[in-house]
There are 2 protein chains.
Amino acid sequence: MSTSTNTRRVLRGGIDLGGTKIEAIVVDARNKVLGSARHPTPISGGPADVAATMAAAMREAAGAAGVDVSTLRGVGVGSPGAVDAKAGTVASARNLPGWDGSFELGPTLAQDFGTKVFVGNDVQVATDAESELGVGRGRKSLLGVFWGTGVGGGIVIDGKPYLGAGGAGEIGHMVVKPGGRRCGCGNRGCMEAYAGRASLEAKARKEIKKGRKSDLLKVMKQKEHVRFTSAVWYEAVQDGDKLANELIDGAVAALGVGIASAVNLLDVEAVVIGGGLGVRFGEDYVKRIKKAMKPHLFPGHQPPVVELVALGDLGGAIGAALLARPPRRAAATATAR
Amino acid sequence: MSTSTNTRRVLRGGIDLGGTKIEAIVVDARNKVLGSARHPTPISGGPADVAATMAAAMREAAGAAGVDVSTLRGVGVGSPGAVDAKAGTVASARNLPGWDGSFELGPTLAQDFGTKVFVGNDVQVATDAESELGVGRGRKSLLGVFWGTGVGGGIVIDGKPYLGAGGAGEIGHMVVKPGGRRCGCGNRGCMEAYAGRASLEAKARKEIKKGRKSDLLKVMKQKEHVRFTSAVWYEAVQDGDKLANELIDGAVAALGVGIASAVNLLDVEAVVIGGGLGVRFGEDYVKRIKKAMKPHLFPGHQPPVVELVALGDLGGAIGAALLARPPRRAAATATAR
């Protein structure tokens, strides 16, 4: 191989740990993707099984880039749940199997990889990536909305991630219908209860069980999936499946209410829509969400730009890889010496 | 008088321009209130009439402090509507009479007073005051909720006001019931449509007109008020008026939903409740609002502290007076010389 060890040291890994899939990439210093791999997220077992799948995906991505994982400068991980970046632990990741407690994800992977591992919040790293390299470029404030298994939100203010007391951005748990549909978090009427893939699937399965006609199960089986993935929803909607359309329309309406409320509070310049469903349904549905927001936007504000993620499906992994960059202050110090 | 001209120069004025009342104060360098005055906000006329009432209130407050307005270091104004701090203009202040266009409030008052005038957003300056001198002291993030004629929100992050693209904090226009009650802003189902004093009054008058029994009008007349002020609402509620209780309970429920949604998004350490109704209804109702928030708070977060404004009714004016402080950078430069 022509790449010298020195060159390899600037390469970084990024893993996006999603509720449905695990996406791993290797990027160069300019964040260009050199190799990638995707594995489905285990639906049973526990954190150790998830970590093993993540390691396998990362190795595959490194292989595709022609490098060994241990030669990477570091690997960043975007994870759901409560992330302690310092300790590299992840707790209460509800959408992952058996992950109610805390797990040392960073240390486990670091030992496996033989390089440094940096863990951050999945939604925040994806928002950071869009802020720096995508829709948010040149904009002072950005709200990232990741419409997938759940509905996550990331906030960038003056170019910096806003985390609040640590867990800011729970846009999926803004209330769009008080007393409404039960959410996975236990509350009622959350935006995620109407728009999250997991909630949509639960609701659809319940309706089908009650005798409601739908091709969702058939489409799922054709695709050899075990869940109503974004691809399953998309195909069913395109095929005119009534239940699927009804539920996705409800999701769009809920997103319209919740995102508009968030925008009224934050007055951000731009909203970027991503996530599994967001990317799969694409531009047309971003337009529908924008239209659904309109009647709820505060008339005294300039309405924000609303766009689909510019980095597509890989944004989460690219954002994760940003975590493994050399810290800027350290770099500045090194230059000053 | 014993105060020398030099001492007087550290005194500052502050005016809180509310939808119901205008509060003016004079404070010393430690933000201690030396004199205050309160006038009702004109209910007819236009911006010039409002400015004249503000000037009268400021003069009265200065008189109470034993100084002339022209000797103040400056006067800060907390105003509703769209504030351009640089130009000192205020536009579209919907809750003020005839104030749809833009008015040069700062320059008008500055000419009248013979000293500098600084104009800021009413809710933001009140939040800043609570952040620096009240409930937010020692806390990194604070959400101010001002439950009055409307429902305003102010955000302080890392000790600094967060304004977004300029108009952040419109918590009153977060949607708590899609398709619900019409709001003064033209949208439907905003928190303010259920909780703002103006909306509550409109709803109550409508119900009374329809034949619903209530003592609200009687209480208003007894108090020689022309509106259902916070005092009117409070007395009617205390007297067991059914309509008043029903509507205020609805306001508390709406505040619970909206504030919880905002907290889920922002993950702030503390929420401070103020505004005319907030201050009038006091601690007991802050507890009720906290209780109403509870079922909607994201279970993964540490719930925020929820407290009544520590600076009480004068917080807005104290925050306004903070605007007239010497800029810190300039002060540092002066010291360095």
# chains A, B, ... in the order shown; residues from 1 in each chain; ligands from 1
>>> interface_residues(of="chain B", to="chain A", cutoff="9 Å", atoms="only C-alpha atoms", output="PyMOL selection string")
chain B and resi 81-82+92+140-141+153+155+157-158+162-178+185-190+257-258+260-269+295-302
>>> write_last_selection(atoms="N, CA and C atoms", output="compact mmCIF listing (two decimals), in the first residue's frame")
# COMPACT_ATOMS: atom_id res chain seq x y z
N GLY B 81 -42.56 43.73 22.02
CA GLY B 81 -42.46 43.98 20.57
C GLY B 81 -41.08 43.65 20.04
N ALA B 82 -40.85 44.04 18.80
CA ALA B 82 -39.57 43.78 18.14
C ALA B 82 -38.64 44.95 18.41
N SER B 92 -44.13 46.63 16.19
CA SER B 92 -45.18 45.62 16.40
C SER B 92 -45.31 45.15 17.85
N LYS B 140 -25.98 27.78 35.50
CA LYS B 140 -25.47 27.99 34.15
C LYS B 140 -26.56 28.30 33.13
N SER B 141 -27.75 27.76 33.38
CA SER B 141 -28.82 27.98 32.40
C SER B 141 -30.13 28.25 33.12
N GLY B 153 -40.91 34.44 27.22
CA GLY B 153 -39.85 33.55 27.70
C GLY B 153 -38.50 34.16 27.44
N ILE B 155 -34.21 33.25 27.75
CA ILE B 155 -33.27 32.14 27.91
C ILE B 155 -31.89 32.69 28.25
N ILE B 157 -28.05 31.20 28.78
CA ILE B 157 -27.20 30.02 28.62
C ILE B 157 -25.77 30.42 28.95
N ASP B 158 -25.14 29.68 29.84
CA ASP B 158 -23.77 29.99 30.26
C ASP B 158 -23.64 31.46 30.67
N TYR B 162 -29.61 34.33 25.46
CA TYR B 162 -29.67 33.70 24.14
C TYR B 162 -30.83 34.31 23.36
N LEU B 163 -30.52 34.93 22.24
CA LEU B 163 -31.55 35.62 21.45
C LEU B 163 -31.84 34.94 20.12
N GLY B 164 -31.10 33.90 19.78
CA GLY B 164 -31.28 33.24 18.48
C GLY B 164 -31.06 34.23 17.36
N ALA B 165 -31.90 34.16 16.35
CA ALA B 165 -31.78 35.09 15.23
C ALA B 165 -32.29 36.48 15.64
N GLY B 166 -32.63 36.66 16.90
CA GLY B 166 -33.04 37.97 17.39
C GLY B 166 -34.27 37.90 18.29
N GLY B 167 -35.14 36.94 18.03
CA GLY B 167 -36.41 36.92 18.75
C GLY B 167 -36.65 35.65 19.54
N ALA B 168 -35.58 35.01 20.01
CA ALA B 168 -35.76 33.75 20.74
C ALA B 168 -36.58 33.96 22.00
N GLY B 169 -37.19 32.89 22.47
CA GLY B 169 -37.91 32.94 23.74
C GLY B 169 -39.41 33.04 23.62
N GLU B 170 -39.95 32.88 22.43
CA GLU B 170 -41.40 33.01 22.28
C GLU B 170 -42.10 31.75 22.79
N ILE B 171 -41.89 31.50 24.08
CA ILE B 171 -42.46 30.32 24.71
C ILE B 171 -43.98 30.38 24.70
N GLY B 172 -44.55 31.58 24.71
CA GLY B 172 -46.00 31.74 24.69
C GLY B 172 -46.62 31.25 23.39
N HIS B 173 -45.79 31.12 22.36
CA HIS B 173 -46.32 30.67 21.07
C HIS B 173 -45.89 29.25 20.73
N MET B 174 -45.45 28.52 21.77
CA MET B 174 -45.31 27.09 21.60
C MET B 174 -46.74 26.53 21.60
N VAL B 175 -46.95 25.52 20.78
CA VAL B 175 -48.30 24.98 20.61
C VAL B 175 -48.60 23.96 21.71
N VAL B 176 -49.64 24.21 22.50
CA VAL B 176 -50.01 23.24 23.52
C VAL B 176 -51.27 22.47 23.14
N LYS B 177 -51.97 22.97 22.11
CA LYS B 177 -53.15 22.24 21.63
C LYS B 177 -53.37 22.57 20.16
N PRO B 178 -52.82 21.72 19.28
CA PRO B 178 -52.94 21.99 17.84
C PRO B 178 -54.41 22.19 17.45
N CYS B 185 -51.74 36.19 18.28
CA CYS B 185 -50.78 36.22 17.17
C CYS B 185 -51.40 35.74 15.87
N GLY B 186 -52.62 35.20 15.94
CA GLY B 186 -53.30 34.71 14.75
C GLY B 186 -53.28 33.20 14.63
N ASN B 187 -52.30 32.56 15.28
CA ASN B 187 -52.24 31.09 15.23
C ASN B 187 -53.26 30.49 16.20
N ARG B 188 -53.31 29.16 16.20
CA ARG B 188 -54.23 28.47 17.10
C ARG B 188 -53.46 27.59 18.09
N GLY B 189 -53.99 27.51 19.31
CA GLY B 189 -53.48 26.54 20.28
C GLY B 189 -52.18 26.92 20.97
N CYS B 190 -51.75 28.19 20.83
CA CYS B 190 -50.54 28.64 21.52
C CYS B 190 -50.77 28.60 23.04
N VAL B 257 -47.71 22.18 30.29
CA VAL B 257 -47.37 21.52 29.03
C VAL B 257 -46.26 22.28 28.31
N GLY B 258 -46.47 23.58 28.14
CA GLY B 258 -45.53 24.40 27.36
C GLY B 258 -44.16 24.51 28.01
N ALA B 260 -42.83 22.49 30.23
CA ALA B 260 -42.17 21.18 30.22
C ALA B 260 -41.57 20.90 28.85
N SER B 261 -42.31 21.20 27.78
CA SER B 261 -41.78 21.00 26.43
C SER B 261 -40.50 21.81 26.23
N ALA B 262 -40.53 23.05 26.69
CA ALA B 262 -39.35 23.91 26.55
C ALA B 262 -38.18 23.34 27.33
N VAL B 263 -38.46 22.83 28.52
CA VAL B 263 -37.40 22.26 29.36
C VAL B 263 -36.84 20.99 28.72
N ASN B 264 -37.71 20.17 28.14
CA ASN B 264 -37.23 18.96 27.47
C ASN B 264 -36.26 19.32 26.33
N LEU B 265 -36.57 20.41 25.66
CA LEU B 265 -35.71 20.84 24.56
C LEU B 265 -34.42 21.48 25.07
N LEU B 266 -34.52 22.29 26.11
CA LEU B 266 -33.37 23.11 26.54
C LEU B 266 -32.56 22.50 27.68
N ASP B 267 -33.17 21.57 28.44
CA ASP B 267 -32.51 20.97 29.61
C ASP B 267 -31.83 22.04 30.47
N VAL B 268 -32.62 23.04 30.87
CA VAL B 268 -32.08 24.11 31.72
C VAL B 268 -32.06 23.67 33.18
N GLU B 269 -31.19 24.30 33.94
CA GLU B 269 -31.08 23.96 35.37
C GLU B 269 -32.22 24.53 36.18
N PRO B 295 -45.94 15.55 34.60
CA PRO B 295 -46.21 14.41 33.70
C PRO B 295 -45.62 14.59 32.30
N HIS B 296 -45.17 15.79 31.97
CA HIS B 296 -44.66 16.04 30.62
C HIS B 296 -43.15 16.15 30.55
N LEU B 297 -42.48 16.14 31.69
CA LEU B 297 -41.02 16.26 31.69
C LEU B 297 -40.38 14.96 31.23
N PHE B 298 -39.36 15.07 30.39
CA PHE B 298 -38.66 13.88 29.89
C PHE B 298 -38.01 13.15 31.06
N PRO B 299 -38.34 11.84 31.25
CA PRO B 299 -37.86 11.13 32.43
C PRO B 299 -36.33 10.98 32.48
N GLY B 300 -35.68 11.13 31.35
CA GLY B 300 -34.22 10.96 31.33
C GLY B 300 -33.45 12.17 31.86
N HIS B 301 -34.14 13.27 32.12
CA HIS B 301 -33.46 14.46 32.61
C HIS B 301 -33.63 14.63 34.11
N GLN B 302 -32.67 15.31 34.72
CA GLN B 302 -32.84 15.82 36.08
C GLN B 302 -33.88 16.95 35.99
>>> residues_around(residues="B:Leu217", least_positions_apart="5", cutoff="10 Å", atoms="only C-alpha atoms", output="list in words")
Ala204, Arg205, Ile208, Gln222, Lys223, His225, Val226, Arg227, Phe228, Val232 and Ala236 of chain B
>>> select_by_dssp(residues="stretch 71-315 of chain A", states="strand (DSSP E)", output="PyMOL selection string")
chain A and resi 75-79+82-84+89-91+102-103+117-121+141-147+151-157+160-161+270-274+305-308
>>> residues_around(residues="stretch 11-16 of chain A", least_positions_apart="6", cutoff="8 Å", atoms="only C-alpha atoms", output="count of residues only")
30
>>> select_by_dssp(residues="stretch 159-209 of chain A", states="helix (DSSP H, G or I)", output="PyMOL selection string")
chain A and resi 171-173+191-195+197-209
>>> write_last_selection(atoms="N, CA and C atoms", output="PDB file, in the first residue's frame")
ATOM      1  N   ILE A 171     -36.252  17.055  21.554  1.00  0.00           N
ATOM      2  CA  ILE A 171     -37.378  17.603  20.799  1.00  0.00           C
ATOM      3  C   ILE A 171     -38.480  16.558  20.632  1.00  0.00           C
ATOM      4  N   GLY A 172     -38.094  15.281  20.607  1.00  0.00           N
ATOM      5  CA  GLY A 172     -39.072  14.202  20.449  1.00  0.00           C
ATOM      6  C   GLY A 172     -40.024  14.108  21.625  1.00  0.00           C
ATOM      7  N   HIS A 173     -39.610  14.715  22.752  1.00  0.00           N
ATOM      8  CA  HIS A 173     -40.451  14.634  23.937  1.00  0.00           C
ATOM      9  C   HIS A 173     -41.105  15.965  24.261  1.00  0.00           C
ATOM     10  N   MET A 191     -44.101  14.212  20.738  1.00  0.00           N
ATOM     11  CA  MET A 191     -43.959  14.188  19.286  1.00  0.00           C
ATOM     12  C   MET A 191     -43.491  12.813  18.809  1.00  0.00           C
ATOM     13  N   GLU A 192     -42.565  12.211  19.549  1.00  0.00           N
ATOM     14  CA  GLU A 192     -42.026  10.898  19.178  1.00  0.00           C
ATOM     15  C   GLU A 192     -43.091   9.802  19.171  1.00  0.00           C
ATOM     16  N   ALA A 193     -44.112   9.950  20.020  1.00  0.00           N
ATOM     17  CA  ALA A 193     -45.188   8.956  20.076  1.00  0.00           C
ATOM     18  C   ALA A 193     -45.979   8.922  18.772  1.00  0.00           C
ATOM     19  N   TYR A 194     -45.915  10.019  18.009  1.00  0.00           N
ATOM     20  CA  TYR A 194     -46.631  10.094  16.724  1.00  0.00           C
ATOM     21  C   TYR A 194     -45.702   9.974  15.527  1.00  0.00           C
ATOM     22  N   ALA A 195     -44.406  10.256  15.753  1.00  0.00           N
ATOM     23  CA  ALA A 195     -43.506  10.345  14.599  1.00  0.00           C
ATOM     24  C   ALA A 195     -42.354   9.344  14.620  1.00  0.00           C
ATOM     25  N   ARG A 197     -40.190   5.990  14.495  1.00  0.00           N
ATOM     26  CA  ARG A 197     -40.404   4.739  13.784  1.00  0.00           C
ATOM     27  C   ARG A 197     -40.894   3.638  14.718  1.00  0.00           C
ATOM     28  N   ALA A 198     -40.302   3.554  15.910  1.00  0.00           N
ATOM     29  CA  ALA A 198     -40.691   2.507  16.854  1.00  0.00           C
ATOM     30  C   ALA A 198     -42.155   2.660  17.266  1.00  0.00           C
ATOM     31  N   SER A 199     -42.567   3.892  17.550  1.00  0.00           N
ATOM     32  CA  SER A 199     -43.962   4.144  17.938  1.00  0.00           C
ATOM     33  C   SER A 199     -44.905   3.889  16.772  1.00  0.00           C
ATOM     34  N   LEU A 200     -44.473   4.290  15.583  1.00  0.00           N
ATOM     35  CA  LEU A 200     -45.299   4.070  14.390  1.00  0.00           C
ATOM     36  C   LEU A 200     -45.504   2.571  14.166  1.00  0.00           C
ATOM     37  N   GLU A 201     -44.426   1.813  14.343  1.00  0.00           N
ATOM     38  CA  GLU A 201     -44.528   0.358  14.159  1.00  0.00           C
ATOM     39  C   GLU A 201     -45.463  -0.258  15.192  1.00  0.00           C
ATOM     40  N   ALA A 202     -45.301   0.148  16.455  1.00  0.00           N
ATOM     41  CA  ALA A 202     -46.158  -0.390  17.519  1.00  0.00           C
ATOM     42  C   ALA A 202     -47.629  -0.092  17.214  1.00  0.00           C
ATOM     43  N   LYS A 203     -47.885   1.155  16.797  1.00  0.00           N
ATOM     44  CA  LYS A 203     -49.261   1.559  16.497  1.00  0.00           C
ATOM     45  C   LYS A 203     -49.801   0.767  15.302  1.00  0.00           C
ATOM     46  N   ALA A 204     -48.987   0.612  14.267  1.00  0.00           N
ATOM     47  CA  ALA A 204     -49.427  -0.114  13.068  1.00  0.00           C
ATOM     48  C   ALA A 204     -49.719  -1.583  13.390  1.00  0.00           C
ATOM     49  N   ARG A 205     -48.818  -2.204  14.155  1.00  0.00           N
ATOM     50  CA  ARG A 205     -49.020  -3.617  14.502  1.00  0.00           C
ATOM     51  C   ARG A 205     -50.307  -3.797  15.312  1.00  0.00           C
ATOM     52  N   LYS A 206     -50.573  -2.844  16.194  1.00  0.00           N
ATOM     53  CA  LYS A 206     -51.784  -2.883  17.014  1.00  0.00           C
ATOM     54  C   LYS A 206     -53.027  -2.781  16.111  1.00  0.00           C
ATOM     55  N   GLU A 207     -52.970  -1.874  15.164  1.00  0.00           N
ATOM     56  CA  GLU A 207     -54.101  -1.680  14.250  1.00  0.00           C
ATOM     57  C   GLU A 207     -54.318  -2.924  13.385  1.00  0.00           C
ATOM     58  N   ILE A 208     -53.209  -3.518  12.917  1.00  0.00           N
ATOM     59  CA  ILE A 208     -53.293  -4.717  12.072  1.00  0.00           C
ATOM     60  C   ILE A 208     -53.888  -5.873  12.880  1.00  0.00           C
ATOM     61  N   LYS A 209     -53.441  -5.985  14.136  1.00  0.00           N
ATOM     62  CA  LYS A 209     -53.956  -7.021  15.028  1.00  0.00           C
ATOM     63  C   LYS A 209     -55.466  -6.869  15.223  1.00  0.00           C
TER      64      LYS A 209
END
>>> residues_around(residues="A:Trp99", least_positions_apart="6", cutoff="12 Å", atoms="only C-alpha atoms", output="ChimeraX atom specification")
/A:19,42-51,79-82,89-93,105
>>> write_last_selection(atoms="C-alpha atoms", output="compact mmCIF listing (two decimals), in the first residue's frame")
# COMPACT_ATOMS: atom_id res chain seq x y z
CA GLY A 19 -31.67 1.95 16.86
CA PRO A 42 -28.81 -6.45 17.21
CA ILE A 43 -32.42 -6.77 18.37
CA SER A 44 -31.60 -9.06 21.29
CA GLY A 45 -28.74 -9.62 23.71
CA GLY A 46 -27.18 -6.69 25.48
CA PRO A 47 -24.63 -3.87 25.25
CA ALA A 48 -21.70 -6.29 24.77
CA ASP A 49 -23.38 -7.76 21.67
CA VAL A 50 -24.02 -4.29 20.31
CA ALA A 51 -20.38 -3.35 20.95
CA SER A 79 -24.55 6.92 20.65
CA PRO A 80 -28.13 7.22 21.84
CA GLY A 81 -28.91 7.19 25.57
CA ALA A 82 -27.19 9.15 28.33
CA THR A 89 -20.07 5.24 29.23
CA VAL A 90 -23.58 5.02 27.81
CA ALA A 91 -26.63 4.52 30.03
CA SER A 92 -30.36 3.98 29.45
CA ALA A 93 -30.26 3.65 25.68
CA LEU A 105 -18.74 1.45 25.53
>>> residues_around(residues="stretch 307-315 of chain B", least_positions_apart="5", cutoff="9 Å", atoms="only C-alpha atoms", output="number ranges by chain")
B: 16, 23-25, 33, 36, 125-127, 129-130, 133-135, 144, 270-276, 278-280, 282-283, 286-287, 290, 320
